[in-house]
>>> print(open('run_26.cif').read())   # mmCIF, C-alpha atoms
data_structure
#
loop_
_atom_site.label_atom_id
_atom_site.label_comp_id
_atom_site.auth_asym_id
_atom_site.auth_seq_id
_atom_site.Cartn_x
_atom_site.Cartn_y
_atom_site.Cartn_z
CA MET A 149 -10.09 -20.34 -16.08
CA ALA A 150 -6.33 -20.75 -16.36
CA LEU A 151 -4.81 -23.88 -14.86
CA LEU A 152 -1.70 -23.71 -12.69
CA THR A 153 0.11 -26.92 -13.56
CA ALA A 154 3.44 -26.57 -11.77
CA VAL A 155 5.26 -24.36 -9.30
CA LEU A 156 9.03 -24.54 -9.31
CA GLY A 157 11.14 -23.11 -6.50
CA THR A 158 14.88 -23.35 -6.98
CA THR A 159 18.23 -21.72 -6.44
CA HIS A 160 19.87 -19.70 -9.22
CA HIS A 161 23.52 -20.52 -9.55
CA PRO A 162 24.96 -18.08 -12.07
CA PHE A 163 27.93 -20.34 -12.86
CA TYR A 164 25.84 -23.34 -13.97
CA TYR A 165 25.89 -22.26 -17.61
CA ALA A 166 29.66 -21.67 -17.74
CA LEU A 167 30.64 -24.74 -15.72
CA THR A 168 28.50 -27.19 -17.70
CA ASN A 169 29.46 -25.79 -21.10
CA ARG A 170 33.21 -26.10 -20.95
CA PRO A 171 35.57 -29.07 -21.32
CA PRO A 172 35.56 -31.26 -18.17
CA GLU A 173 39.21 -30.49 -17.40
CA GLN A 174 38.33 -26.80 -17.12
CA SER A 175 35.24 -27.38 -14.98
CA ILE A 176 34.46 -28.76 -11.53
CA PRO A 177 34.19 -32.51 -10.80
CA GLN A 178 30.46 -32.22 -9.98
CA ALA A 179 29.60 -30.70 -13.38
CA PRO A 180 28.21 -33.92 -14.98
CA GLU A 181 26.11 -34.74 -11.90
CA TRP A 182 24.93 -31.13 -11.74
CA LYS A 183 23.82 -31.28 -15.37
CA ARG A 184 21.98 -34.58 -14.82
CA LYS A 185 20.13 -33.17 -11.83
CA VAL A 186 19.17 -30.02 -13.68
CA GLU A 187 17.93 -31.97 -16.68
CA ALA A 188 15.86 -34.25 -14.44
CA TYR A 189 14.41 -31.16 -12.78
CA ARG A 190 13.64 -29.63 -16.18
CA GLU A 191 11.40 -32.62 -16.88
CA THR A 192 9.05 -31.56 -14.09
CA LEU A 193 8.35 -28.37 -16.04
CA THR A 194 8.17 -30.12 -19.41
CA ARG A 195 5.65 -32.64 -18.07
CA ALA A 196 3.43 -29.80 -16.84
CA LYS A 197 3.06 -28.64 -20.48
CA PRO A 198 2.90 -24.93 -19.70
CA ASP A 199 1.74 -22.32 -22.22
CA LEU A 200 3.21 -19.45 -20.25
CA LEU A 201 5.42 -18.77 -17.26
CA VAL A 202 5.05 -16.50 -14.25
CA MET A 203 8.65 -15.91 -13.16
CA VAL A 204 9.76 -14.53 -9.82
CA GLY A 205 13.26 -13.18 -9.26
CA SER A 206 15.14 -10.24 -7.85
CA ASP A 207 17.08 -7.46 -9.47
CA HIS A 208 20.68 -7.61 -8.23
CA PHE A 209 21.26 -3.85 -8.61
CA HIS A 210 21.27 -4.16 -12.37
CA GLN A 211 18.35 -2.00 -13.44
CA PHE A 212 17.31 -0.74 -10.01
CA PHE A 213 19.39 1.08 -7.44
CA LEU A 214 18.87 2.64 -4.03
CA ASP A 215 17.56 5.93 -5.45
CA ASN A 216 14.41 4.02 -6.36
CA TYR A 217 14.25 0.40 -5.33
CA PRO A 218 10.90 -1.41 -5.50
CA GLN A 219 9.86 -3.88 -2.80
CA PHE A 220 7.79 -5.83 -5.34
CA LEU A 221 7.54 -5.10 -9.05
CA ILE A 222 5.84 -6.56 -12.11
CA GLY A 223 6.89 -6.15 -15.72
CA LYS A 224 4.51 -5.59 -18.60
CA ALA A 225 6.07 -5.53 -22.04
CA PRO A 226 5.95 -7.37 -25.37
CA ARG A 227 9.54 -8.52 -24.87
CA TYR A 228 12.21 -8.52 -22.19
CA ASP A 229 15.89 -8.26 -23.02
CA ALA A 230 18.07 -10.13 -20.62
CA THR A 231 21.54 -10.28 -19.15
CA PHE A 232 23.51 -7.22 -18.14
CA TYR A 233 27.09 -6.36 -19.03
CA ASN A 234 28.45 -7.19 -15.57
CA GLU A 235 26.69 -10.59 -15.55
CA ILE A 236 28.25 -11.49 -18.90
CA ARG A 237 31.61 -10.33 -17.54
CA GLU A 238 31.42 -12.22 -14.25
CA PHE A 239 29.37 -15.31 -15.07
CA GLY A 240 29.69 -15.71 -18.84
CA LEU A 241 25.89 -15.76 -19.20
CA PRO A 242 24.37 -15.41 -22.68
CA LYS A 243 21.97 -12.68 -23.76
CA TYR A 244 18.32 -13.52 -24.25
CA SER A 245 15.15 -11.91 -25.48
CA LEU A 246 12.08 -13.33 -23.73
CA ILE A 247 8.55 -12.96 -25.07
CA GLY A 248 6.18 -11.09 -22.75
CA ASP A 249 2.53 -11.81 -22.03
CA GLU A 250 1.07 -8.34 -21.62
CA ALA A 251 -2.48 -9.54 -21.04
CA LEU A 252 -1.57 -11.63 -17.99
CA SER A 253 0.84 -8.93 -16.71
CA ASP A 254 -1.97 -6.40 -16.85
CA PHE A 255 -4.49 -8.74 -15.25
CA MET A 256 -2.01 -9.70 -12.53
CA LEU A 257 -1.07 -6.10 -11.73
CA ARG A 258 -4.71 -5.00 -11.38
CA ARG A 259 -5.86 -8.12 -9.55
CA LEU A 260 -3.00 -7.91 -7.07
CA MET A 261 -3.94 -4.28 -6.36
CA ASP A 262 -7.51 -5.44 -5.67
CA LYS A 263 -6.02 -7.90 -3.18
CA GLY A 264 -3.95 -5.28 -1.33
CA PHE A 265 -0.59 -5.58 -3.13
CA ASP A 266 0.27 -2.34 -4.92
CA LEU A 267 3.24 -3.51 -6.96
CA ALA A 268 5.58 -1.13 -8.71
CA MET A 269 5.47 -1.56 -12.46
CA SER A 270 7.91 -1.44 -15.32
CA PHE A 271 7.12 -1.21 -19.00
CA ASP A 272 10.80 -1.39 -19.92
CA LEU A 273 12.26 -4.12 -17.75
CA LYS A 274 15.53 -5.84 -18.48
CA ILE A 275 15.80 -9.26 -16.89
CA ASP A 276 18.80 -10.34 -14.82
CA HIS A 277 20.23 -13.76 -13.91
CA SER A 278 17.59 -14.44 -11.23
CA ILE A 279 15.19 -15.14 -14.12
CA ILE A 280 17.64 -16.12 -16.87
CA CYS A 281 19.29 -18.85 -14.78
CA PRO A 282 16.00 -20.79 -14.46
CA ILE A 283 15.30 -20.22 -18.16
CA ILE A 284 18.68 -21.84 -18.86
CA THR A 285 18.04 -24.71 -16.47
CA THR A 286 14.32 -25.40 -16.94
CA ARG A 287 13.37 -23.98 -20.36
CA PRO A 288 16.53 -23.37 -22.37
CA ARG A 289 14.59 -22.88 -25.61
CA ALA A 290 13.09 -19.77 -23.99
CA ASP A 291 10.04 -20.24 -26.19
CA LEU A 292 7.25 -19.40 -23.73
CA PRO A 293 5.81 -15.98 -22.91
CA VAL A 294 6.67 -14.77 -19.42
CA VAL A 295 5.30 -12.47 -16.73
CA PRO A 296 8.26 -11.30 -14.62
CA ILE A 297 7.85 -10.35 -10.98
CA TYR A 298 10.67 -9.01 -8.82
CA ALA A 299 10.95 -9.12 -5.05
CA ASN A 300 13.41 -7.19 -2.91
CA ILE A 301 15.86 -9.51 -1.16
CA PHE A 302 18.73 -7.02 -1.19
CA ALA A 303 17.96 -3.52 -0.03
CA PRO A 304 16.86 -3.39 3.62
CA PRO A 305 14.35 -2.95 5.10
CA LEU A 306 12.94 -6.00 3.31
CA PRO A 307 9.33 -7.19 3.37
CA SER A 308 8.68 -9.90 5.99
CA PRO A 309 8.65 -13.64 5.27
CA LYS A 310 4.92 -13.53 5.99
CA ARG A 311 4.46 -10.86 3.33
CA PHE A 312 6.38 -12.91 0.77
CA TYR A 313 4.09 -15.86 1.47
CA ALA A 314 0.97 -13.70 1.32
CA LEU A 315 2.02 -12.24 -2.04
CA GLY A 316 2.52 -15.78 -3.29
CA ARG A 317 -1.02 -16.65 -2.19
CA ALA A 318 -2.41 -13.57 -3.96
CA ILE A 319 -0.51 -14.42 -7.17
CA ARG A 320 -2.02 -17.90 -6.99
CA GLU A 321 -5.53 -16.49 -6.62
CA ALA A 322 -4.95 -14.21 -9.59
CA ILE A 323 -3.75 -17.13 -11.71
CA ASP A 324 -6.81 -19.18 -10.71
CA GLU A 325 -9.07 -16.24 -11.61
CA TYR A 326 -7.46 -15.53 -14.98
CA PRO A 327 -10.10 -16.00 -17.68
CA SER A 328 -8.12 -18.10 -20.11
CA ASP A 329 -7.68 -21.71 -21.07
CA LYS A 330 -3.89 -21.40 -20.73
CA ARG A 331 -1.76 -23.76 -18.69
CA ILE A 332 0.47 -21.71 -16.44
CA ALA A 333 3.63 -22.65 -14.57
CA ALA A 334 5.27 -20.45 -11.95
CA ILE A 335 9.03 -20.50 -11.53
CA GLY A 336 10.86 -18.59 -8.82
CA THR A 337 14.46 -18.53 -7.75
CA GLY A 338 16.24 -17.48 -4.62
CA HIS A 339 18.87 -18.99 -2.39
CA LEU A 340 19.45 -21.35 0.45
CA SER A 341 22.17 -20.13 2.84
CA LEU A 342 24.46 -17.82 0.94
CA GLU A 343 27.29 -15.46 1.75
CA LEU A 344 28.49 -12.79 -0.68
CA GLY A 345 31.18 -10.27 0.12
CA GLY A 346 31.65 -11.64 3.63
CA PRO A 347 34.00 -13.94 5.56
CA ARG A 348 32.01 -17.14 4.86
CA GLN A 349 31.91 -16.80 1.05
CA PHE A 350 33.25 -19.35 -1.45
CA LYS A 351 33.86 -22.14 1.01
CA GLU A 352 33.63 -25.83 0.17
CA THR A 353 29.95 -25.75 1.16
CA GLY A 354 27.37 -23.05 1.72
CA PRO A 355 27.73 -21.06 4.94
CA ASP A 356 25.04 -23.00 6.82
CA PRO A 357 24.34 -26.56 5.56
CA VAL A 358 22.16 -27.25 8.62
CA PHE A 359 19.82 -24.42 7.63
CA ASP A 360 19.91 -25.66 4.01
CA ARG A 361 18.68 -29.15 4.91
CA GLN A 362 16.02 -27.76 7.22
CA ALA A 363 14.86 -25.28 4.58
CA ILE A 364 14.51 -28.00 1.94
CA GLU A 365 12.53 -30.16 4.38
CA TRP A 366 10.15 -27.28 5.14
CA LEU A 367 9.57 -26.64 1.45
CA ALA A 368 9.22 -30.34 0.62
CA ASN A 369 6.53 -30.70 3.30
CA GLY A 370 4.83 -27.42 2.43
CA ASP A 371 5.24 -26.54 6.08
CA ILE A 372 4.55 -22.83 6.06
CA GLU A 373 3.73 -22.85 9.77
CA ALA A 374 7.23 -24.03 10.66
CA ILE A 375 8.75 -21.57 8.23
CA LEU A 376 6.88 -18.59 9.64
CA ALA A 377 7.57 -19.74 13.22
CA ASN A 378 11.31 -19.99 12.60
CA VAL A 379 12.36 -17.70 9.79
CA THR A 380 13.05 -14.04 10.44
CA HIS A 381 15.33 -11.54 8.71
CA GLU A 382 17.74 -12.05 11.62
CA SER A 383 17.73 -15.85 11.40
CA LEU A 384 18.34 -15.67 7.66
CA GLU A 385 21.22 -13.26 8.08
CA LYS A 386 22.76 -15.57 10.64
CA ALA A 387 22.78 -18.33 8.03
CA GLY A 388 24.64 -16.06 5.58
CA ASN A 389 24.44 -12.40 4.63
CA ALA A 390 22.60 -13.09 1.33
CA THR A 391 20.26 -15.80 2.66
CA ALA A 392 17.29 -13.42 2.44
CA GLY A 393 16.87 -14.90 -1.06
CA PHE A 394 15.16 -17.82 0.69
CA MET A 395 12.10 -15.58 0.95
CA VAL A 396 11.48 -15.97 -2.79
CA LEU A 397 11.14 -19.72 -2.17
CA ILE A 398 8.62 -18.89 0.59
CA LEU A 399 6.74 -16.83 -1.99
CA MET A 400 6.75 -19.82 -4.35
CA LEU A 401 5.31 -22.01 -1.61
CA GLY A 402 2.63 -19.34 -1.33
CA ILE A 403 1.78 -19.82 -5.01
CA ALA A 404 1.68 -23.60 -4.54
CA GLY A 405 -0.20 -23.47 -1.25
CA PRO A 406 0.78 -25.45 1.84
CA ILE A 407 1.13 -28.79 0.06
CA ARG A 408 3.86 -31.39 -0.21
CA ALA A 409 6.22 -31.03 -3.11
CA SER A 410 5.97 -33.60 -5.90
CA TYR A 411 9.70 -33.40 -6.68
CA VAL A 412 12.59 -32.59 -4.35
CA ASP A 413 16.28 -32.76 -5.10
CA ASN A 414 19.41 -30.94 -4.04
CA LEU A 415 23.11 -30.79 -4.75
CA ASP A 416 25.92 -29.77 -2.44
CA LEU A 417 28.34 -27.53 -4.30
CA PHE A 418 31.18 -25.28 -3.35
CA HIS A 419 29.88 -21.97 -1.96
CA THR A 420 26.23 -23.01 -1.85
CA MET A 421 23.68 -25.82 -1.88
CA GLU A 422 21.35 -26.13 -4.84
CA ALA A 423 17.66 -26.94 -4.33
CA TYR A 424 15.25 -28.23 -6.98
CA ILE A 425 11.64 -28.28 -5.79
CA THR A 426 8.43 -28.66 -7.74
CA TRP A 427 4.89 -28.56 -6.42
CA SER A 428 1.99 -29.84 -8.51
CA PRO A 429 -0.96 -27.88 -7.14
CA ASN A 430 -3.63 -29.35 -9.41
CA GLY A 431 -2.32 -32.88 -9.43
CA ALA A 432 -0.69 -32.31 -12.82
CA ALA A 433 2.86 -33.34 -13.73
CA MET B 54 28.98 9.05 6.54
CA SER B 55 27.19 8.31 3.30
CA LYS B 56 26.70 4.61 2.76
CA TYR B 57 24.34 5.56 -0.03
CA TYR B 58 27.05 7.48 -1.87
CA VAL B 59 29.63 4.71 -1.41
CA ASP B 60 27.09 2.24 -2.81
CA LYS B 61 26.39 4.65 -5.66
CA PHE B 62 30.09 4.71 -6.49
CA LEU B 63 30.28 0.90 -6.52
CA PHE B 64 27.05 0.60 -8.53
CA THR B 65 27.86 3.18 -11.20
CA VAL B 66 31.43 1.98 -11.76
CA ASP B 67 30.76 -1.79 -11.73
CA ARG B 68 28.28 -1.52 -14.59
CA ASP B 69 30.56 0.47 -16.92
CA PRO B 70 33.69 -1.10 -18.44
CA GLU B 71 35.29 2.27 -19.21
CA LEU B 72 34.82 3.55 -15.64
CA LEU B 73 36.17 0.27 -14.27
CA ARG B 74 39.26 0.62 -16.43
CA ARG B 75 39.88 4.17 -15.18
CA TYR B 76 39.32 3.13 -11.55
CA LYS B 77 41.84 0.33 -11.91
CA GLU B 78 44.38 2.48 -13.71
CA ASP B 79 44.48 5.43 -11.30
CA ALA B 80 42.09 5.16 -8.38
CA ARG B 81 42.83 8.52 -6.76
CA SER B 82 42.32 10.60 -9.84
CA PHE B 83 39.29 8.54 -10.88
CA VAL B 84 37.56 8.89 -7.48
CA ALA B 85 38.06 12.67 -7.70
CA THR B 86 36.53 12.72 -11.19
CA TRP B 87 33.65 10.56 -10.00
CA GLU B 88 32.89 12.93 -7.11
CA GLN B 89 32.90 15.88 -9.44
CA SER B 90 30.99 14.70 -12.45
CA ILE B 91 29.43 11.25 -11.98
CA GLY B 92 28.31 10.97 -8.34
CA PRO B 93 26.04 14.01 -8.39
CA LYS B 94 24.05 12.80 -11.41
CA LEU B 95 20.46 11.97 -10.54
CA ASN B 96 19.82 11.16 -14.20
CA ASP B 97 21.10 12.45 -17.53
CA GLY B 98 19.46 15.84 -17.02
CA GLU B 99 19.39 16.45 -13.27
CA ILE B 100 21.88 16.55 -10.44
CA SER B 101 21.47 15.90 -6.73
CA THR B 102 23.31 18.05 -4.18
CA VAL B 103 22.44 15.82 -1.21
CA HIS B 104 25.30 13.35 -0.77
CA ALA B 105 29.09 13.52 -0.40
CA LEU B 106 31.86 11.08 0.51
CA THR B 107 33.61 11.46 3.85
CA ASP B 108 37.42 11.47 3.90
CA GLU B 109 37.38 7.94 5.31
CA GLU B 110 35.07 6.68 2.57
CA ARG B 111 37.13 8.38 -0.13
CA GLU B 112 40.35 6.80 1.17
CA ALA B 113 38.73 3.35 1.34
CA LEU B 114 37.65 3.65 -2.30
CA VAL B 115 41.04 5.02 -3.40
CA ASN B 116 42.80 2.10 -1.66
CA TYR B 117 40.40 -0.60 -2.94
CA ASP B 118 39.95 -1.31 0.77
CA TYR B 119 37.03 -3.74 0.68
CA VAL B 120 37.56 -4.67 4.33
CA LYS B 121 37.05 -1.05 5.39
CA LEU B 122 34.09 -0.74 3.02
CA PHE B 123 32.51 -3.89 4.52
CA GLU B 124 33.03 -2.45 7.98
CA MET B 125 31.41 0.82 6.96
CA GLY B 126 28.32 -1.09 5.77
CA ALA B 127 28.81 -0.85 2.01
CA HIS B 128 26.42 -3.27 0.32
CA PHE B 129 27.97 -6.74 0.29
CA PHE B 130 26.92 -7.52 -3.28
CA LEU B 131 28.31 -4.33 -4.78
CA ASN B 132 31.44 -4.48 -2.63
CA LEU B 133 32.17 -7.97 -3.96
CA THR B 134 31.36 -7.71 -7.66
CA ILE B 135 33.37 -4.57 -8.35
CA PHE B 136 36.54 -5.98 -6.79
CA ILE B 137 36.05 -9.29 -8.59
CA ALA B 138 35.94 -7.21 -11.78
CA LEU B 139 39.20 -5.48 -10.83
CA PHE B 140 41.23 -8.36 -9.40
CA ASP B 141 39.78 -11.82 -10.13
CA GLU B 142 41.52 -12.34 -13.46
CA ASP B 143 44.99 -11.36 -12.22
CA TYR B 144 44.62 -13.53 -9.10
CA ALA B 145 43.27 -16.50 -11.05
CA LYS B 146 46.23 -16.41 -13.43
CA LYS B 147 48.69 -16.33 -10.57
CA SER B 148 47.04 -18.49 -7.89
CA GLY B 149 44.12 -20.34 -9.50
CA PRO B 150 40.35 -19.89 -9.73
CA LEU B 151 38.55 -18.18 -6.83
CA SER B 152 41.82 -17.22 -5.15
CA PHE B 153 40.78 -13.57 -4.99
CA GLN B 154 37.37 -14.46 -3.52
CA ARG B 155 39.04 -16.66 -0.88
CA GLU B 156 41.54 -13.97 0.07
CA PHE B 157 38.64 -11.52 0.33
CA ALA B 158 36.90 -13.91 2.76
CA SER B 159 40.00 -14.56 4.84
CA LYS B 160 40.71 -10.84 5.29
CA LEU B 161 37.26 -10.57 6.86
CA SER B 162 37.64 -13.68 9.02
CA SER B 163 37.59 -11.75 12.30
CA TRP B 164 33.87 -11.11 11.61
CA ILE B 165 32.90 -14.80 11.70
CA GLY B 166 30.36 -15.37 14.45
CA LYS B 167 29.75 -11.64 14.92
CA GLU B 168 26.91 -9.48 13.72
CA TYR B 169 28.05 -7.83 10.48
CA PRO B 170 27.85 -4.07 10.01
CA SER B 171 24.41 -3.25 8.63
CA VAL B 172 24.05 -2.43 4.95
CA ALA B 173 20.79 -0.56 5.65
CA ILE B 174 21.08 3.09 4.69
#
>>> encode(input="run_26.cif", output="structure tokens")
Amino acid sequence: MALLTAVLGTTHHPFYYALTNRPPEQSIPQAPEWKRKVEAYRETLTRAKPDLLVMVGSDHFHQFFLDNYPQFLIGKAPRYDATFYNEIREFGLPKYSLIGDEALSDFMLRRLMDKGFDLAMSFDLKIDHSIICPIITTRPRADLPVVPIYANIFAPPLPSPKRFYALGRAIREAIDEYPSDKRIAAIGTGHLSLELGGPRQFKETGPDPVFDRQAIEWLANGDIEAILANVTHESLEKAGNATAGFMVLILMLGIAGPIRASYVDNLDLFHTMEAYITWSPNGAA
Amino acid sequence: MSKYYVDKFLFTVDRDPELLRRYKEDARSFVATWEQSIGPKLNDGEISTVHALTDEEREALVNYDYVKLFEMGAHFFLNLTIFIALFDEDYAKKSGPLSFQREFASKLSSWIGKEYPSVAI
């Protein structure tokens, strides 16, 4: 059976690429520290020696719109183009072409349906920065096949935190049941407290640093009970209008299971706090 | 009120450099064109007759009035990115990086501590 060697749950900061690839005088003072932290985090994936990646993100109204917006979706394709025009324009992100793993996509889709999760599917999925940012930070060579999964953190009504966790658990079961000798890592990105298009955006810190520290502690301890007892759509919105992205990190904890993280780091930046969390579910890494 | 149609405007224009250019150049005439020939498109072959902008929504779009759009429940992500596309560069040249985004936030400051208008359709 396949072996899950690492689960990474992190934030996706679309400006990381631009701000760490320009001369220091044109960047922010934290850029060198940011780069060091990201490279240290990358090691947790490298040490897990993955053969393929299950990647969880969210389409930011790039391919999908409100005429047909999936709650959860899985891609199955030989390749995935990445980075949309408006992401290149706004964030200066590069284009990518990721290799797909159709066999695991197909297995995952069918196995999740057996487990009560009828995901939407796409055979022509273009990837946005929610998956390209972690490729840039944790696997910049982009040399591993991927299975992309999208979760709705944008278009209400959203699935519940409990549902995000349960889907994570089901993805984990499917990985454990996959008849293969491959080493698999799962990487998912969301947000801590975040405000976009509202009065608390682009401040010196994220909109709710108290929530951020609490959220990291919950994830570090694998404390799903505390998360589900405290986190609701309303509480997330109170921490910032785009904080629903935290639910992807709950999903990643679902893939890991309720265990302590093996690596925890964070960085306070303007506008948002970064989180870098890795769980090692089979004692690897 | 059609939040959906306002969001559709923001979505379809933000992703297309030519439409963005026309919106920036002459908002009133562009919004009229959009309502006539772009908004109704369901896909390349089909149209939808279901949605229309109200006068208030049309005026908010014509006036780049992101405060009004926020208050009407336009989606926060779309309402931010399109106006960054239109104004960020000019503001940054004049007043430094992120100056547009900070002005955007300060114009909405009366909403701090209150429940924001819902973006649910």
>>> interface_residues(input="run_26.cif", of="chain B", to="chain A", cutoff="9 Å", atoms="only C-alpha atoms", output="PyMOL selection string")
chain B and resi 57+60-61+64+67-70+95+119+123+128-134+137-138+151+154-155+157-166+168-169+172-174
>>> closest_residue(input="run_26.cif", among="B:Leu114, B:Ser171, B:Asp97, B:Leu63", to="Asp79 of chain B", atoms="all atoms listed in the file")
B:Leu114
>>> resolve_selection(input="run_26.cif", expression="the PyMOL selection byres ((chain A and resi 267-277) around 6)", output="ChimeraX atom specification")
/A:220-225,228-231,265-266,278-281
>>> residues_near_point(input="run_26.cif", point="(38.5, 5.8, -14.2)", cutoff="12 Å", atoms="all atoms listed in the file", output="list of chain:residue names")
B:Phe62, B:Thr65, B:Val66, B:Asp67, B:Asp69, B:Pro70, B:Glu71, B:Leu72, B:Leu73, B:Arg74, B:Arg75, B:Tyr76, B:Lys77, B:Glu78, B:Asp79, B:Ala80, B:Arg81, B:Ser82, B:Phe83, B:Val84, B:Ala85, B:Thr86, B:Trp87, B:Glu88, B:Ser90, B:Ile91, B:Val115, B:Leu139
>>> resolve_selection(input="run_26.cif", expression="the PyMOL selection byres ((chain A and resi 384) around 10)", output="MDAnalysis selection string")
chainID A and resid 340:342 356 359 378:383 385:395
>>> atom_distance(input="run_26.cif", atom1="atom CA of Lys185 of chain A", atom2="atom CA of Tyr411 of chain A")
11.6 Å
>>> residues_around(input="run_26.cif", residues="Thr192 of chain A", least_positions_apart="6", cutoff="12 Å", atoms="all atoms listed in the file", output="CSV table (one decimal) with C-alpha atoms, keeping the file's coordinate frame")
chain,number,residue,atom,x,y,z
A,153,THR,CA,0.1,-26.9,-13.6
A,154,ALA,CA,3.4,-26.6,-11.8
A,155,VAL,CA,5.3,-24.4,-9.3
A,156,LEU,CA,9.0,-24.5,-9.3
A,157,GLY,CA,11.1,-23.1,-6.5
A,185,LYS,CA,20.1,-33.2,-11.8
A,186,VAL,CA,19.2,-30.0,-13.7
A,198,PRO,CA,2.9,-24.9,-19.7
A,285,THR,CA,18.0,-24.7,-16.5
A,286,THR,CA,14.3,-25.4,-16.9
A,287,ARG,CA,13.4,-24.0,-20.4
A,333,ALA,CA,3.6,-22.6,-14.6
A,334,ALA,CA,5.3,-20.4,-12.0
A,335,ILE,CA,9.0,-20.5,-11.5
A,409,ALA,CA,6.2,-31.0,-3.1
A,410,SER,CA,6.0,-33.6,-5.9
A,411,TYR,CA,9.7,-33.4,-6.7
A,412,VAL,CA,12.6,-32.6,-4.4
A,413,ASP,CA,16.3,-32.8,-5.1
A,424,TYR,CA,15.2,-28.2,-7.0
A,425,ILE,CA,11.6,-28.3,-5.8
A,426,THR,CA,8.4,-28.7,-7.7
A,427,TRP,CA,4.9,-28.6,-6.4
A,428,SER,CA,2.0,-29.8,-8.5
A,432,ALA,CA,-0.7,-32.3,-12.8
A,433,ALA,CA,2.9,-33.3,-13.7
>>> axis_aligned_box(input="run_26.cif", around="segment 156-168 of chain A", padding_each_side="6 Å", output="lines of an AutoDock Vina configuration file")
center_x = 19.8
center_y = -22.6
center_z = -12.1
size_x = 33.6
size_y = 21.1
size_z = 23.3
>>> atom_distance(input="run_26.cif", atom1="atom CA of Met400 of chain A", atom2="atom CA of Gly316 of chain A")
5.9 Å
>>> residues_near_point(input="run_26.cif", point="(34.9, -22.4, -12.0)", cutoff="8 Å", atoms="only C-alpha atoms", output="number ranges by chain")
A: 163, 166-167, 174-176; B: 150-151
>>> atom_distance(input="run_26.cif", atom1="atom CA of Val204 of chain A", atom2="atom CA of Pro296 of chain A")
6.0 Å
>>> resolve_selection(input="run_26.cif", expression="the PyMOL selection byres ((chain B and resi 106) around 10)", output="PyMOL selection string")
chain B and resi 54-59+62+88+92+104-105+107-112+114
>>> closest_residue(input="run_26.cif", among="A:His419, A:Lys263, A:His339, A:Arg289", to="Thr194 of chain A", atoms="all atoms listed in the file")
A:Arg289
>>> build_atoms(input="run_26.cif", residues="segment 141-153 of chain B", atoms="N, CA and C atoms", output="PDB file, keeping the file's coordinate frame")
ATOM      1  N   ASP B 141      39.951 -10.365  -9.998  1.00  0.00           N
ATOM      2  CA  ASP B 141      39.780 -11.820 -10.130  1.00  0.00           C
ATOM      3  C   ASP B 141      40.707 -12.412 -11.198  1.00  0.00           C
ATOM      4  N   GLU B 142      40.758 -11.766 -12.349  1.00  0.00           N
ATOM      5  CA  GLU B 142      41.520 -12.340 -13.460  1.00  0.00           C
ATOM      6  C   GLU B 142      43.010 -12.431 -13.121  1.00  0.00           C
ATOM      7  N   ASP B 143      43.560 -11.365 -12.570  1.00  0.00           N
ATOM      8  CA  ASP B 143      44.990 -11.360 -12.220  1.00  0.00           C
ATOM      9  C   ASP B 143      45.284 -12.436 -11.174  1.00  0.00           C
ATOM     10  N   TYR B 144      44.414 -12.525 -10.154  1.00  0.00           N
ATOM     11  CA  TYR B 144      44.620 -13.530  -9.100  1.00  0.00           C
ATOM     12  C   TYR B 144      44.508 -14.946  -9.661  1.00  0.00           C
ATOM     13  N   ALA B 145      43.504 -15.151 -10.514  1.00  0.00           N
ATOM     14  CA  ALA B 145      43.270 -16.500 -11.050  1.00  0.00           C
ATOM     15  C   ALA B 145      44.467 -16.974 -11.866  1.00  0.00           C
ATOM     16  N   LYS B 146      45.054 -16.048 -12.636  1.00  0.00           N
ATOM     17  CA  LYS B 146      46.230 -16.410 -13.430  1.00  0.00           C
ATOM     18  C   LYS B 146      47.391 -16.829 -12.532  1.00  0.00           C
ATOM     19  N   LYS B 147      47.551 -16.099 -11.454  1.00  0.00           N
ATOM     20  CA  LYS B 147      48.690 -16.330 -10.570  1.00  0.00           C
ATOM     21  C   LYS B 147      48.446 -17.494  -9.610  1.00  0.00           C
ATOM     22  N   SER B 148      47.251 -17.540  -9.004  1.00  0.00           N
ATOM     23  CA  SER B 148      47.040 -18.490  -7.890  1.00  0.00           C
ATOM     24  C   SER B 148      45.830 -19.398  -8.079  1.00  0.00           C
ATOM     25  N   GLY B 149      45.226 -19.406  -9.258  1.00  0.00           N
ATOM     26  CA  GLY B 149      44.120 -20.340  -9.500  1.00  0.00           C
ATOM     27  C   GLY B 149      42.758 -19.711  -9.300  1.00  0.00           C
ATOM     28  N   PRO B 150      41.704 -20.424  -9.789  1.00  0.00           N
ATOM     29  CA  PRO B 150      40.350 -19.890  -9.730  1.00  0.00           C
ATOM     30  C   PRO B 150      39.895 -19.627  -8.291  1.00  0.00           C
ATOM     31  N   LEU B 151      39.153 -18.579  -8.110  1.00  0.00           N
ATOM     32  CA  LEU B 151      38.550 -18.180  -6.830  1.00  0.00           C
ATOM     33  C   LEU B 151      39.578 -17.744  -5.780  1.00  0.00           C
ATOM     34  N   SER B 152      40.841 -17.593  -6.179  1.00  0.00           N
ATOM     35  CA  SER B 152      41.820 -17.220  -5.150  1.00  0.00           C
ATOM     36  C   SER B 152      41.565 -15.799  -4.634  1.00  0.00           C
ATOM     37  N   PHE B 153      41.091 -14.923  -5.495  1.00  0.00           N
ATOM     38  CA  PHE B 153      40.780 -13.570  -4.990  1.00  0.00           C
ATOM     39  C   PHE B 153      39.620 -13.628  -3.995  1.00  0.00           C
TER      40      PHE B 153
END
